[in-house]
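**Student:** Take a look at final-v6.txt, compact mmCIF, C-alpha atoms:
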```txt
# COMPACT_ATOMS: atom_id res chain seq x y z
CA MET P 1 20.12 10.07 -5.48
CA ASN P 2 18.88 7.80 -8.24
CA TYR P 3 16.15 9.19 -10.49
CA ASN P 4 13.51 7.66 -12.72
CA GLN P 5 11.85 9.26 -15.70
CA PHE P 6 8.09 9.65 -15.60
CA GLN P 7 6.82 11.29 -18.76
CA ASN P 8 8.73 14.59 -18.78
CA LEU P 9 9.60 14.53 -15.08
CA LYS P 10 12.70 13.37 -13.24
CA LEU P 11 11.48 11.74 -10.03
CA SER P 12 13.71 10.66 -7.17
CA ALA P 13 13.57 6.86 -6.91
CA LEU P 14 12.82 7.29 -3.19
CA GLY P 15 9.74 9.16 -2.05
CA PHE P 16 9.00 10.43 1.47
CA GLY P 17 5.75 8.82 2.60
CA THR P 18 4.07 10.71 5.44
CA MET P 19 1.84 8.00 6.93
CA ARG P 20 4.32 7.11 9.70
CA LEU P 21 5.76 10.47 10.73
CA PRO P 22 7.60 10.76 14.07
CA GLN P 23 5.27 11.52 16.96
CA LYS P 24 5.50 13.21 20.34
CA ALA P 25 4.46 11.52 23.58
CA ASP P 26 0.90 12.88 23.21
CA GLY P 27 0.53 11.28 19.76
CA SER P 28 0.80 14.50 17.76
CA VAL P 29 3.27 14.77 14.90
CA ASP P 30 6.75 15.95 15.87
CA GLU P 31 6.82 18.78 13.35
CA ALA P 32 10.33 19.94 14.23
CA LEU P 33 11.76 16.50 13.48
CA VAL P 34 9.70 16.19 10.30
CA ALA P 35 11.10 19.57 9.20
CA GLU P 36 14.64 18.32 9.81
CA MET P 37 13.96 15.10 7.89
CA THR P 38 12.39 17.04 5.02
CA ARG P 39 15.41 19.36 4.82
CA TYR P 40 17.74 16.36 4.73
CA ALA P 41 15.61 14.67 2.07
CA LEU P 42 15.58 17.70 -0.22
CA GLU P 43 19.29 18.37 0.26
CA HIS P 44 20.02 14.78 -0.77
CA GLY P 45 17.83 14.78 -3.86
CA VAL P 46 14.47 13.41 -2.68
CA ASN P 47 11.85 15.40 -4.54
CA TYR P 48 8.61 13.40 -4.06
CA PHE P 49 6.39 13.75 -0.97
CA ASP P 50 3.24 11.69 -0.44
CA THR P 51 0.37 12.40 1.96
CA ALA P 52 -3.33 11.54 2.27
CA TRP P 53 -6.52 12.74 3.93
CA PRO P 54 -6.60 10.13 6.77
CA TYR P 55 -2.87 10.04 7.63
CA HIS P 56 -2.27 10.99 11.26
CA ASN P 57 -5.99 11.79 11.54
CA GLY P 58 -5.62 14.60 9.01
CA GLU P 59 -2.50 16.13 10.56
CA SER P 60 -0.10 14.79 7.92
CA GLU P 61 -1.36 17.05 5.13
CA THR P 62 -1.17 20.15 7.30
CA VAL P 63 2.30 19.43 8.66
CA ILE P 64 3.99 18.48 5.40
CA GLY P 65 2.27 21.33 3.59
CA ARG P 66 3.47 23.86 6.16
CA ILE P 67 7.03 22.54 6.01
CA LEU P 68 7.22 22.37 2.22
CA SER P 69 5.86 25.92 1.92
CA GLN P 70 9.30 27.09 3.07
CA TYR P 71 10.82 25.75 -0.16
CA ASP P 72 10.51 26.71 -3.81
CA ARG P 73 7.34 25.09 -5.20
CA GLY P 74 9.28 23.91 -8.21
CA SER P 75 11.78 21.97 -6.10
CA TYR P 76 9.45 19.16 -5.08
CA TYR P 77 6.45 17.12 -6.20
CA LEU P 78 3.51 16.73 -3.82
CA ALA P 79 1.03 13.84 -3.96
CA ASP P 80 -2.31 13.61 -2.15
CA LYS P 81 -5.27 11.22 -2.31
CA TYR P 82 -9.07 11.29 -2.38
CA PRO P 83 -10.54 9.07 0.41
CA GLY P 84 -13.26 7.34 -1.58
CA HIS P 85 -12.33 4.10 0.17
CA GLN P 86 -13.67 5.38 3.47
CA ILE P 87 -17.20 4.37 4.35
CA SER P 88 -19.54 7.36 4.25
CA VAL P 89 -23.17 8.18 3.56
CA SER P 90 -22.08 10.55 0.77
CA TYR P 91 -18.96 11.57 -1.15
CA ASP P 92 -18.20 15.22 -1.87
CA SER P 93 -15.09 15.32 -4.04
CA ALA P 94 -15.02 19.10 -4.33
CA ALA P 95 -15.25 19.73 -0.59
CA ILE P 96 -12.41 17.30 0.20
CA PHE P 97 -10.19 18.49 -2.65
CA GLU P 98 -10.56 22.18 -1.79
CA ALA P 99 -9.82 21.40 1.86
CA GLN P 100 -6.71 19.44 0.88
CA LEU P 101 -5.34 22.27 -1.24
CA LYS P 102 -5.89 24.65 1.67
CA LYS P 103 -4.35 22.29 4.24
CA CYS P 104 -1.28 21.75 2.08
CA GLY P 105 -1.02 25.43 1.18
CA VAL P 106 -0.76 24.79 -2.56
CA GLU P 107 -2.70 25.72 -5.67
CA TYR P 108 -2.23 22.34 -7.35
CA PHE P 109 -1.07 18.78 -6.67
CA ASP P 110 1.64 17.34 -8.86
CA PHE P 111 0.20 13.85 -8.32
CA TYR P 112 -3.26 12.90 -7.11
CA LEU P 113 -4.57 9.42 -6.40
CA LEU P 114 -7.92 7.78 -5.88
CA HIS P 115 -7.15 6.16 -2.53
CA ASN P 116 -7.38 2.36 -2.25
CA VAL P 117 -9.58 1.13 -5.04
CA TYR P 118 -10.51 -2.30 -3.65
CA GLU P 119 -13.40 -4.77 -3.73
CA LYS P 120 -15.81 -2.49 -1.91
CA SER P 121 -14.68 1.02 -2.89
CA ILE P 122 -14.54 0.37 -6.63
CA HIS P 123 -18.31 0.81 -6.75
CA THR P 124 -18.02 4.22 -5.07
CA TYR P 125 -15.36 5.41 -7.47
CA LEU P 126 -17.25 4.24 -10.57
CA ASP P 127 -20.76 5.25 -9.44
CA PRO P 128 -21.88 8.19 -11.63
CA LYS P 129 -24.07 9.33 -8.71
CA TRP P 130 -20.97 10.65 -6.94
CA GLY P 131 -19.24 11.94 -10.07
CA ILE P 132 -15.79 11.30 -8.60
CA LEU P 133 -14.01 10.48 -11.84
CA ASP P 134 -15.66 13.34 -13.71
CA TYR P 135 -14.68 15.81 -11.00
CA PHE P 136 -11.02 14.82 -10.95
CA ARG P 137 -10.81 14.68 -14.73
CA GLU P 138 -11.94 18.30 -14.68
CA GLN P 139 -9.39 19.27 -12.00
CA LYS P 140 -6.68 17.78 -14.18
CA ARG P 141 -7.96 19.71 -17.20
CA LEU P 142 -7.79 22.89 -15.11
CA GLY P 143 -4.20 22.14 -14.08
CA ARG P 144 -5.00 21.72 -10.40
CA ILE P 145 -3.91 18.10 -10.75
CA ARG P 146 -0.92 17.48 -12.97
CA HIS P 147 -0.97 13.65 -12.93
CA LEU P 148 -3.87 11.40 -11.91
CA GLY P 149 -3.55 7.82 -10.70
CA PHE P 150 -4.83 5.43 -8.05
CA SER P 151 -3.68 3.19 -5.23
CA SER P 152 -5.02 -0.25 -4.48
CA HIS P 153 -4.93 -3.00 -1.88
CA GLY P 154 -7.44 -4.91 -3.95
CA SER P 155 -7.10 -8.10 -5.94
CA LEU P 156 -5.78 -8.45 -9.46
CA GLU P 157 -9.39 -8.76 -10.63
CA VAL P 158 -10.17 -5.33 -9.11
CA LEU P 159 -7.22 -3.75 -10.89
CA GLU P 160 -8.41 -5.21 -14.16
CA ARG P 161 -12.01 -4.08 -13.66
CA PHE P 162 -10.98 -0.57 -12.72
CA LEU P 163 -8.54 -0.11 -15.59
CA ASP P 164 -11.05 -1.54 -18.04
CA ALA P 165 -13.51 1.13 -16.84
CA CYS P 166 -11.23 4.18 -16.72
CA GLY P 167 -7.70 3.15 -17.66
CA GLU P 168 -7.36 6.00 -20.14
CA ASP P 169 -7.41 8.43 -17.18
CA MET P 170 -4.99 6.57 -14.90
CA GLU P 171 -1.33 7.49 -15.40
CA PHE P 172 0.15 5.35 -12.61
CA CYS P 173 -0.86 2.83 -9.94
CA GLN P 174 0.40 2.44 -6.38
CA ILE P 175 0.41 -1.08 -4.93
CA GLN P 176 1.80 -2.91 -1.91
CA LEU P 177 4.94 -4.52 -3.27
CA ASN P 178 7.82 -6.21 -1.47
CA TYR P 179 9.49 -9.61 -1.47
CA LEU P 180 7.14 -10.99 1.19
CA ASP P 181 3.99 -9.90 -0.65
CA TRP P 182 5.48 -11.00 -3.97
CA THR P 183 3.58 -14.24 -3.37
CA LEU P 184 1.59 -13.57 -0.17
CA GLN P 185 -0.51 -10.81 -1.78
CA LYS P 186 0.17 -11.91 -5.36
CA ALA P 187 2.11 -8.72 -5.94
CA LYS P 188 4.02 -10.37 -8.76
CA GLU P 189 0.85 -10.94 -10.73
CA LYS P 190 -0.28 -7.35 -10.10
CA TYR P 191 3.11 -5.97 -11.13
CA ASP P 192 3.13 -8.07 -14.30
CA PHE P 193 -0.42 -7.02 -15.16
CA LEU P 194 0.27 -3.30 -14.70
CA THR P 195 3.47 -3.61 -16.72
CA ALA P 196 1.61 -5.31 -19.54
CA ARG P 197 -0.98 -2.52 -19.47
CA GLY P 198 1.75 0.14 -19.65
CA ILE P 199 0.96 1.54 -16.20
CA PRO P 200 4.03 2.69 -14.19
CA VAL P 201 4.16 1.20 -10.69
CA TRP P 202 4.43 3.21 -7.49
CA VAL P 203 5.37 1.09 -4.45
CA MET P 204 3.94 1.36 -0.94
CA GLU P 205 5.00 -0.79 2.02
CA PRO P 206 8.39 -1.69 0.47
CA VAL P 207 9.58 -3.07 3.84
CA ARG P 208 6.15 -4.15 5.11
CA GLY P 209 5.75 -1.51 7.81
CA GLY P 210 9.23 -2.24 9.14
CA LYS P 211 8.92 -6.03 9.26
CA LEU P 212 11.48 -6.47 6.48
CA ALA P 213 13.78 -3.91 8.07
CA ASN P 214 13.87 -5.84 11.36
CA LEU P 215 14.69 -9.38 10.33
CA SER P 216 15.57 -12.28 12.59
CA ALA P 217 19.21 -12.65 13.58
CA GLU P 218 19.44 -15.80 11.47
CA HIS P 219 18.12 -14.13 8.34
CA MET P 220 20.22 -11.03 8.87
CA GLN P 221 23.34 -13.11 9.29
CA ALA P 222 22.70 -14.85 5.97
CA LEU P 223 22.27 -11.50 4.21
CA LYS P 224 25.31 -9.91 5.84
CA ALA P 225 27.45 -12.79 4.61
CA ILE P 226 26.66 -11.70 1.05
CA ARG P 227 26.36 -7.91 1.34
CA PRO P 228 27.84 -6.88 4.69
CA GLN P 229 27.25 -3.17 4.12
CA GLU P 230 23.50 -3.45 3.47
CA SER P 231 20.79 -3.02 6.13
CA GLY P 232 17.69 -5.21 6.23
CA ALA P 233 15.67 -2.37 4.72
CA ALA P 234 18.24 -1.93 1.95
CA TRP P 235 17.74 -5.54 0.86
CA GLY P 236 14.04 -4.83 0.42
CA PHE P 237 14.80 -1.79 -1.71
CA ARG P 238 17.43 -3.65 -3.77
CA PHE P 239 14.77 -6.27 -4.58
CA LEU P 240 12.61 -3.51 -6.03
CA GLN P 241 15.51 -2.03 -8.00
CA GLY P 242 15.43 -5.20 -10.08
CA LEU P 243 11.89 -4.42 -11.31
CA PRO P 244 12.17 -2.04 -14.28
CA ASN P 245 8.55 -0.83 -14.17
CA VAL P 246 8.91 0.43 -10.58
CA THR P 247 9.10 4.21 -10.94
CA MET P 248 8.57 5.37 -7.36
CA VAL P 249 9.29 3.67 -4.01
CA LEU P 250 7.59 5.31 -1.03
CA SER P 251 9.01 4.83 2.42
CA GLY P 252 7.16 5.91 5.56
CA MET P 253 10.20 7.04 7.53
CA SER P 254 9.73 7.76 11.24
CA ASN P 255 13.16 9.01 12.30
CA MET P 256 16.34 10.51 10.93
CA ALA P 257 18.25 7.21 11.04
CA GLN P 258 15.74 5.64 8.64
CA MET P 259 15.94 8.67 6.36
CA GLU P 260 19.74 8.56 6.26
CA ASP P 261 19.85 4.81 5.62
CA ASN P 262 17.28 4.99 2.84
CA VAL P 263 18.94 7.96 1.15
CA ARG P 264 22.23 6.08 1.29
CA THR P 265 20.60 3.03 -0.30
CA PHE P 266 19.04 5.03 -3.12
CA SER P 267 22.27 6.88 -3.87
CA GLU P 268 23.23 3.92 -6.06
CA ASP P 269 21.52 1.26 -8.10
CA ARG P 270 22.55 -2.22 -6.91
CA PRO P 271 19.75 -4.64 -7.84
CA LEU P 272 19.92 -8.23 -6.63
CA ASN P 273 21.24 -11.03 -8.79
CA GLU P 274 19.27 -14.25 -9.31
CA GLU P 275 20.88 -16.06 -6.38
CA GLU P 276 20.23 -13.16 -3.99
CA THR P 277 16.63 -12.90 -5.16
CA ARG P 278 16.09 -16.62 -4.56
CA LEU P 279 17.49 -16.23 -1.06
CA LEU P 280 15.07 -13.42 -0.24
CA LEU P 281 12.07 -15.30 -1.60
CA THR P 282 13.08 -18.40 0.38
CA MET P 283 13.29 -16.26 3.50
CA ALA P 284 9.85 -14.86 2.71
CA GLU P 285 8.39 -18.35 2.65
CA GLU P 286 9.95 -19.04 6.06
CA MET P 287 8.44 -15.82 7.44
CA LYS P 288 4.94 -16.70 6.32
CA GLY P 289 4.28 -19.72 8.48
CA GLY P 290 0.53 -20.20 8.38
CA VAL P 291 -1.04 -22.87 6.20
CA PRO P 292 0.68 -24.20 3.05
CA CYS P 293 -2.11 -23.48 0.57
CA THR P 294 -0.93 -23.72 -3.05
CA GLY P 295 -4.11 -22.28 -4.57
CA CYS P 296 -5.00 -25.48 -6.45
CA ARG P 297 -8.71 -24.78 -5.70
CA TYR P 298 -9.63 -28.47 -5.36
CA CYS P 299 -11.32 -27.49 -2.10
CA CYS P 300 -13.74 -25.13 -3.86
CA GLU P 301 -15.33 -27.77 -6.08
CA GLY P 302 -17.34 -29.48 -3.35
CA CYS P 303 -17.86 -26.60 -0.90
CA PRO P 304 -21.64 -26.46 -0.25
CA LYS P 305 -21.35 -22.75 0.62
CA GLY P 306 -19.32 -21.85 -2.46
CA LEU P 307 -16.55 -20.20 -0.44
CA ASP P 308 -13.39 -18.93 -2.11
CA ILE P 309 -11.29 -20.99 0.27
CA PRO P 310 -7.81 -20.22 -1.15
CA MET P 311 -8.52 -16.49 -0.90
CA LEU P 312 -9.68 -16.86 2.70
CA LEU P 313 -6.63 -18.96 3.56
CA SER P 314 -4.36 -16.28 2.11
CA ILE P 315 -6.10 -13.69 4.29
CA TYR P 316 -5.62 -15.96 7.29
CA ASN P 317 -1.89 -16.26 6.55
CA GLU P 318 -1.61 -12.52 6.15
CA LEU P 319 -3.41 -11.73 9.41
CA ARG P 320 -1.13 -14.14 11.23
CA ILE P 321 1.77 -11.92 10.17
CA ASN P 322 0.08 -8.57 10.74
CA ARG P 323 -3.46 -7.90 11.95
CA ASN P 324 -4.00 -5.00 9.59
CA VAL P 325 -7.48 -3.63 8.94
CA ILE P 326 -6.48 -3.15 5.28
CA THR P 327 -6.44 -6.96 5.02
CA SER P 328 -9.67 -7.55 6.92
CA MET P 329 -11.40 -5.05 4.61
CA ARG P 330 -11.26 -7.71 1.89
CA VAL P 331 -13.45 -10.00 3.99
CA GLU P 332 -15.87 -7.19 4.83
CA ALA P 333 -16.30 -6.61 1.10
CA LEU P 334 -17.69 -10.15 0.74
CA PRO P 335 -21.37 -11.03 1.14
CA GLU P 336 -22.15 -12.52 4.56
CA ASP P 337 -22.64 -15.99 3.07
CA LYS P 338 -19.15 -15.95 1.52
CA ARG P 339 -17.22 -15.06 4.67
CA PRO P 340 -15.35 -17.62 6.80
CA SER P 341 -18.16 -17.52 9.36
CA ALA P 342 -20.39 -19.17 6.73
CA CYS P 343 -18.33 -22.38 6.87
CA ILE P 344 -20.48 -25.25 8.18
CA GLY P 345 -17.50 -27.48 8.99
CA CYS P 346 -18.54 -30.36 6.76
CA GLY P 347 -14.89 -31.22 6.02
CA LYS P 348 -15.29 -31.96 2.30
CA CYS P 349 -12.57 -29.42 1.58
CA SER P 350 -10.07 -31.02 3.97
CA ARG P 351 -10.62 -34.49 2.59
CA ILE P 352 -9.64 -33.38 -0.91
CA CYS P 353 -6.85 -30.92 0.09
CA PRO P 354 -3.45 -32.17 -1.22
CA GLN P 355 -1.75 -30.28 1.63
CA ASN P 356 -3.97 -31.90 4.31
CA ILE P 357 -5.02 -28.53 5.71
CA ASP P 358 -7.74 -28.65 8.37
CA ILE P 359 -9.73 -25.99 6.54
CA PRO P 360 -12.80 -25.88 8.84
CA ALA P 361 -10.49 -25.28 11.83
CA VAL P 362 -8.76 -22.45 9.96
CA MET P 363 -12.10 -20.89 9.00
CA LYS P 364 -13.15 -20.98 12.64
CA GLU P 365 -9.88 -19.39 13.78
CA LEU P 366 -10.08 -16.76 11.05
CA THR P 367 -13.63 -15.89 12.13
CA GLY P 368 -12.35 -15.40 15.68
CA ILE P 369 -9.46 -13.20 14.52
CA LEU P 370 -11.79 -10.99 12.51
CA ALA P 371 -14.21 -10.68 15.43
CA GLU P 372 -11.43 -9.23 17.55
CA MET P 373 -10.54 -6.60 14.97
CA PRO P 374 -12.34 -3.27 14.44
CA SER P 375 -14.43 -3.09 11.30
CA TRP P 376 -13.44 -0.70 8.53
CA GLU P 377 -16.61 1.27 9.24
CA GLU P 378 -15.52 1.72 12.87
CA VAL P 379 -12.06 2.85 11.75
CA CYS P 380 -13.61 5.42 9.40
CA ARG P 381 -15.87 6.76 12.16
CA GLN P 382 -12.92 7.08 14.53
CA ARG P 383 -10.84 8.90 11.91
CA GLU P 384 -13.69 11.26 11.10
CA ALA P 385 -14.22 12.03 14.79
CA ALA P 386 -10.50 12.60 15.32
CA GLN P 387 -10.33 15.03 12.39
CA LYS P 388 -13.36 16.96 13.61
CA GLY P 389 -11.97 17.01 17.16
```
Let me see whether you can do it: turn the structure in this file into structure tokens.

**Tutor:**
Amino acid sequence: MNYNQFQNLKLSALGFGTMRLPQKADGSVDEALVAEMTRYALEHGVNYFDTAWPYHNGESETVIGRILSQYDRGSYYLADKYPGHQISVSYDSAAIFEAQLKKCGVEYFDFYLLHNVYEKSIHTYLDPKWGILDYFREQKRLGRIRHLGFSSHGSLEVLERFLDACGEDMEFCQIQLNYLDWTLQKAKEKYDFLTARGIPVWVMEPVRGGKLANLSAEHMQALKAIRPQESGAAWGFRFLQGLPNVTMVLSGMSNMAQMEDNVRTFSEDRPLNEEETRLLLTMAEEMKGGVPCTGCRYCCEGCPKGLDIPMLLSIYNELRINRNVITSMRVEALPEDKRPSACIGCGKCSRICPQNIDIPAVMKELTGILAEMPSWEEVCRQREAAQKG
């Protein structure tokens, strides 16, 4: 197993993310299989385990905590997260944190994150009314949190605002980073920014929820011609091995085959060369489809509604690939008059677009896509009901 240094700790380059644990037919977590996967991970040098309050409707924390309790507490690092990104009428940091410690059966968390600081939740995290930052600063002082950081699906501007406000408290940042999102979600800019700020990067969604592990036959054939021994997932991990500020790569493994393949990949460091990287990024462009927006922003100058059209087009492209509520949350964070539904179809944007994109038609389609998706508030209510049930 490869290891990376984080302060005085030696962390396995691969972390076991517990958001996509194997499930039984009734939807509950297959604890026996998770126990087998955890044993294999520890025996092969994986020492970082990541969970969160909403994963598997609250079952993830309990299951991984129960399994890890069978091992020496000093043999692994456990990470959990505070769900300040979930929509609620109030936020009780102490109640959640105490419950998490109890569910995981531990007296402290090695790593603790403020979960998904994005356009809407940043206000919750920074609002002194809730005292979230003060509470977790105190838990760190008491040794109940060893290292404090945050995760984010937000924009680069959100990262900058948050770190400007409390960067002295944040030891690491977890972002969605892979060769598809390198440009699609501007992960490159986020990675460069965090690196410049001296913030180590933790990676989530390294293979985009499996999309980059299950490539088309054409793409896989091209990759096999260069590295015949590597799986599709391995190519995604090798891309990340070429980024020196990536300290931790989390993989949400759902079966033993994925665990074995990932452990095999991280047993050696084989980053991509320039030609291989170009090939992957070219493939990523082919996967995107969607509209060919270059972000020139000419369309914004004459928009009577003042819409951030390039941002909305990027969300459209992303939802075409995967209708993920994490993406639609970014639209919900906008005022009503800045959402795609506010487009009046005047066509000024299309007339000036160098790529000849029919922007009003895309705004209409995007509005329809969003209408078919559950709101983030609905998702939060469902998760809360499932945990109570």

**Student:** Counting all atoms listed in the file, which residues come within 9 Å of (3.6, 15.4, -6.4), with the point read in the file's coordinates, and could you list them as a list in words?

**Tutor:** Asn47, Tyr48, Phe49, Asp50, Tyr76, Tyr77, Leu78, Ala79, Asp80, Phe109, Asp110, Phe111, Tyr112, Arg146 and His147 of chain P

**Student:** Could you tell me which of P:Ala13, P:Cys293, P:Met256, P:Ala52 comes closest to Ile96 in chain P if we count only C-alpha atoms?

**Tutor:**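 Looking only at the distances to Ile96 in chain P, the closest residue turns out to be P:Ala52.
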
**Student:** Give as a list of chain:residue names the set of residues within 6 Å of the point (-3.2, -6.2, -6.6), where distances use the file's coordinates and all atoms listed in the file.

**Tutor:** P:His153, P:Gly154, P:Ser155, P:Leu156, P:Ala187, P:Lys190

**Student:** Quick one: pull the distance between CA of Glu31 in chain P and CA of Met19 in chain P, Å, one decimal.

**Tutor:**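 Distance reported for this atom pair: 13.5 Å.
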
**Student:** Rank P:Phe136, P:Phe162, P:Tyr108, P:Trp202 by their smallest atom-to-atom distance to Lys120 in chain P, using only C-alpha atoms, and report the top residue only.

**Tutor:**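 Closest candidate: P:Phe162.
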
**Student:** Counting all atoms listed in the file, figure out which residue out of P:Ser75, P:Ser152, P:Thr294, P:Ser93 gets nearest to Trp130 in chain P.

**Tutor:**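 Nearest to Trp130 in chain P: P:Ser93.
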
**Student:** Can you work out the spacing between CA of Phe193 in chain P and CA of Asp127 in chain P in Å, to one decimal?

**Tutor:**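 For CA of Phe193 in chain P relative to CA of Asp127 in chain P, the distance reads 24.4 Å.
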
**Student:** Just want the 10 Å neighbourhood of Gly252 in chain P, counted on all atoms listed in the file, with same-chain residues fewer than 6 positions away dropped. Output as a PyMOL selection string.

**Tutor:** chain P and resi 15-22+50+204-207+209-210+258-259

**Student:** Nearest to Glu36 in chain P among P:Asn322, P:Asn57, P:Asn356, P:Asn255, with distances taken over all atoms listed in the file: which residue is it?

**Tutor:**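 Looking at the shortest contact to Glu36 in chain P, the residue is P:Asn255.
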
**Student:** For range 311-321 of chain P, work out the shell of residues within 7 Å, counting all atoms listed in the file and skipping chain neighbours fewer than 4 positions away, then give it as a PyMOL selection string.

**Tutor:** chain P and resi 184+288+290-291+327+366

**Student:** Restricting it to C-alpha atoms, dump the selection as an mmCIF file, in the coordinates of the input.

**Tutor:**
```
data_model
loop_
_atom_site.group_PDB
_atom_site.id
_atom_site.type_symbol
_atom_site.label_atom_id
_atom_site.label_comp_id
_atom_site.auth_asym_id
_atom_site.auth_seq_id
_atom_site.Cartn_x
_atom_site.Cartn_y
_atom_site.Cartn_z
ATOM 1 C CA LEU P 184 1.590 -13.570 -0.170
ATOM 2 C CA LYS P 288 4.940 -16.700 6.320
ATOM 3 C CA GLY P 290 0.530 -20.200 8.380
ATOM 4 C CA VAL P 291 -1.040 -22.870 6.200
ATOM 5 C CA THR P 327 -6.440 -6.960 5.020
ATOM 6 C CA LEU P 366 -10.080 -16.760 11.050
#
```

**Student:** What does the distance from CA of Lys188 in chain P to CA of Leu279 in chain P come to in Å, to one decimal?

**Tutor:**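 Separation of CA of Lys188 in chain P and CA of Leu279 in chain P: 16.6 Å.
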
**Student:** Which neighbours of Pro271 in chain P fall inside 8 Å, counting all atoms listed in the file, when residues of the same chain fewer than 6 positions from it are skipped, and could you give them as a list in words?

**Tutor:**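 Residues meeting the cut-off are Arg238, Phe239, Leu240, Gln241 and Gly242 of chain P.
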
**Student:** Using C-alpha atoms, can you write the selected residues to a file as a CSV table (one decimal), in the coordinates of the input?

**Tutor:**
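Produced file selection.csv, reproduced below:
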```csv
chain,number,residue,atom,x,y,z
P,238,ARG,CA,17.4,-3.6,-3.8
P,239,PHE,CA,14.8,-6.3,-4.6
P,240,LEU,CA,12.6,-3.5,-6.0
P,241,GLN,CA,15.5,-2.0,-8.0
P,242,GLY,CA,15.4,-5.2,-10.1
```

**Student:** Excluding range 372-376 of chain P and its own-chain neighbours fewer than 3 positions away, which residues fall within 8 Å of it when counting only C-alpha atoms? Please give them as a CSV table (one decimal) with C-alpha atoms, in the coordinates of the input.

**Tutor:**
```
chain,number,residue,atom,x,y,z
P,86,GLN,CA,-13.7,5.4,3.5
P,87,ILE,CA,-17.2,4.4,4.4
P,323,ARG,CA,-3.5,-7.9,12.0
P,325,VAL,CA,-7.5,-3.6,8.9
P,328,SER,CA,-9.7,-7.6,6.9
P,329,MET,CA,-11.4,-5.0,4.6
P,332,GLU,CA,-15.9,-7.2,4.8
P,368,GLY,CA,-12.4,-15.4,15.7
P,369,ILE,CA,-9.5,-13.2,14.5
P,379,VAL,CA,-12.1,2.8,11.8
P,380,CYS,CA,-13.6,5.4,9.4
```
